[in-house]
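What follows is a set of notes on a single structure, which appears directly below.
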Amino acid sequence: RYVFGELPEIIVNRIEGLSTQQLEDLAEDLFEFSELADLEAWLGYPRE
């Protein structure tokens with residue numbers, strides 16, 4: 001099970017489209033995330 005639960009398809013699609021370098025950066029930054037909004041912000045989604 002994922003820390004954030006099951007990820008919405010739009011986020012999965014966005015992650016799948018990242019470059020190798022972006023994936024490496026995300027892997028490092030994930031340790032600092034405490035909620036799904038942190039991942040969304042990292043991906044560039046505005047908070048509602």
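Residues are named by chain letter and number: chains run A, B, ... in the order of the structure tokens, numbers start at 1 in each chain, and ligands are numbered from 1 in the order shown.
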- Excluding region 37-42 of chain A and residues on its chain fewer than 3 positions from it, collect all residues at most 12 Å away from it, counting only C-alpha atoms, and give them as a VMD selection string. chain A and resid 3 to 4 7 to 8 10 to 12 14 to 15 18 22 to 23 25 to 34 45 to 48
Kindly export the residues of the current selection with N, CA, C and O atoms, as a short mmCIF file (atom, residue, chain, number, x, y, z; two decimals), in the first residue's frame.
data_model
loop_
_atom_site.label_atom_id
_atom_site.label_comp_id
_atom_site.auth_asym_id
_atom_site.auth_seq_id
_atom_site.Cartn_x
_atom_site.Cartn_y
_atom_site.Cartn_z
N VAL A 3 1.92 5.17 0.74
CA VAL A 3 1.79 6.07 1.89
C VAL A 3 0.59 6.98 1.72
O VAL A 3 -0.13 7.27 2.65
N PHE A 4 0.34 7.42 0.49
CA PHE A 4 -0.75 8.34 0.21
C PHE A 4 -2.02 7.62 -0.21
O PHE A 4 -2.97 8.25 -0.63
N LEU A 7 -3.00 6.32 -5.80
CA LEU A 7 -2.84 7.62 -6.46
C LEU A 7 -3.85 7.80 -7.59
O LEU A 7 -4.13 6.85 -8.32
N PRO A 8 -4.36 9.01 -7.74
CA PRO A 8 -5.27 9.30 -8.85
C PRO A 8 -4.55 9.08 -10.18
O PRO A 8 -3.34 9.32 -10.30
N ILE A 10 -4.47 10.74 -12.89
CA ILE A 10 -3.82 11.92 -13.45
C ILE A 10 -2.41 12.10 -12.88
O ILE A 10 -1.48 12.49 -13.59
N ILE A 11 -2.23 11.77 -11.61
CA ILE A 11 -0.91 11.88 -10.99
C ILE A 11 0.00 10.77 -11.49
O ILE A 11 1.17 11.00 -11.80
N VAL A 12 -0.52 9.56 -11.60
CA VAL A 12 0.26 8.45 -12.12
C VAL A 12 0.74 8.77 -13.54
O VAL A 12 1.92 8.57 -13.86
N ARG A 14 1.21 11.69 -14.86
CA ARG A 14 2.21 12.76 -14.79
C ARG A 14 3.57 12.18 -14.38
O ARG A 14 4.60 12.53 -14.96
N ILE A 15 3.58 11.29 -13.41
CA ILE A 15 4.83 10.67 -12.96
C ILE A 15 5.44 9.84 -14.08
O ILE A 15 6.66 9.87 -14.30
N LEU A 18 7.65 11.78 -16.49
CA LEU A 18 8.84 12.48 -16.02
C LEU A 18 10.10 11.90 -16.67
O LEU A 18 10.17 10.71 -16.99
N GLN A 22 14.19 13.82 -13.49
CA GLN A 22 13.06 14.23 -12.66
C GLN A 22 12.63 13.10 -11.72
O GLN A 22 12.29 13.35 -10.56
N LEU A 23 12.66 11.86 -12.21
CA LEU A 23 12.31 10.72 -11.35
C LEU A 23 13.31 10.57 -10.21
O LEU A 23 12.93 10.26 -9.08
N ASP A 25 15.07 13.01 -8.88
CA ASP A 25 14.78 14.11 -7.96
C ASP A 25 13.55 13.81 -7.11
O ASP A 25 13.56 14.05 -5.90
N LEU A 26 12.52 13.28 -7.74
CA LEU A 26 11.30 12.94 -7.01
C LEU A 26 11.58 11.87 -5.97
O LEU A 26 11.11 11.96 -4.83
N ALA A 27 12.37 10.87 -6.32
CA ALA A 27 12.69 9.80 -5.36
C ALA A 27 13.36 10.36 -4.11
O ALA A 27 13.06 9.92 -2.99
N GLU A 28 14.23 11.34 -4.28
CA GLU A 28 14.89 11.96 -3.13
C GLU A 28 13.91 12.82 -2.33
O GLU A 28 13.90 12.79 -1.10
N ASP A 29 13.09 13.59 -3.02
CA ASP A 29 12.18 14.52 -2.36
C ASP A 29 11.02 13.82 -1.66
O ASP A 29 10.45 14.36 -0.71
N LEU A 30 10.65 12.63 -2.13
CA LEU A 30 9.51 11.91 -1.54
C LEU A 30 9.65 11.71 -0.03
O LEU A 30 8.66 11.69 0.68
N PHE A 31 10.87 11.59 0.44
CA PHE A 31 11.09 11.37 1.86
C PHE A 31 10.62 12.55 2.71
O PHE A 31 10.39 12.41 3.90
N GLU A 32 10.51 13.71 2.09
CA GLU A 32 10.11 14.90 2.81
C GLU A 32 8.60 15.16 2.75
O GLU A 32 8.10 16.04 3.43
N PHE A 33 7.89 14.41 1.92
CA PHE A 33 6.45 14.62 1.75
C PHE A 33 5.69 13.97 2.91
O PHE A 33 6.02 12.87 3.34
N SER A 34 4.66 14.68 3.38
CA SER A 34 3.85 14.10 4.46
C SER A 34 2.40 13.89 4.04
O SER A 34 1.65 13.26 4.76
N TYR A 45 0.94 20.99 -9.53
CA TYR A 45 -0.52 21.19 -9.45
C TYR A 45 -0.82 22.24 -8.39
O TYR A 45 -0.30 22.15 -7.27
N PRO A 46 -1.65 23.20 -8.73
CA PRO A 46 -2.02 24.21 -7.71
C PRO A 46 -2.90 23.59 -6.63
O PRO A 46 -3.69 22.69 -6.92
N ARG A 47 -2.75 24.06 -5.43
CA ARG A 47 -3.62 23.61 -4.34
C ARG A 47 -4.96 24.30 -4.46
O ARG A 47 -5.02 25.46 -4.85
N GLU A 48 -6.00 23.58 -4.14
CA GLU A 48 -7.35 24.15 -4.23
C GLU A 48 -7.68 24.93 -2.98
O GLU A 48 -7.18 24.73 -1.95
#
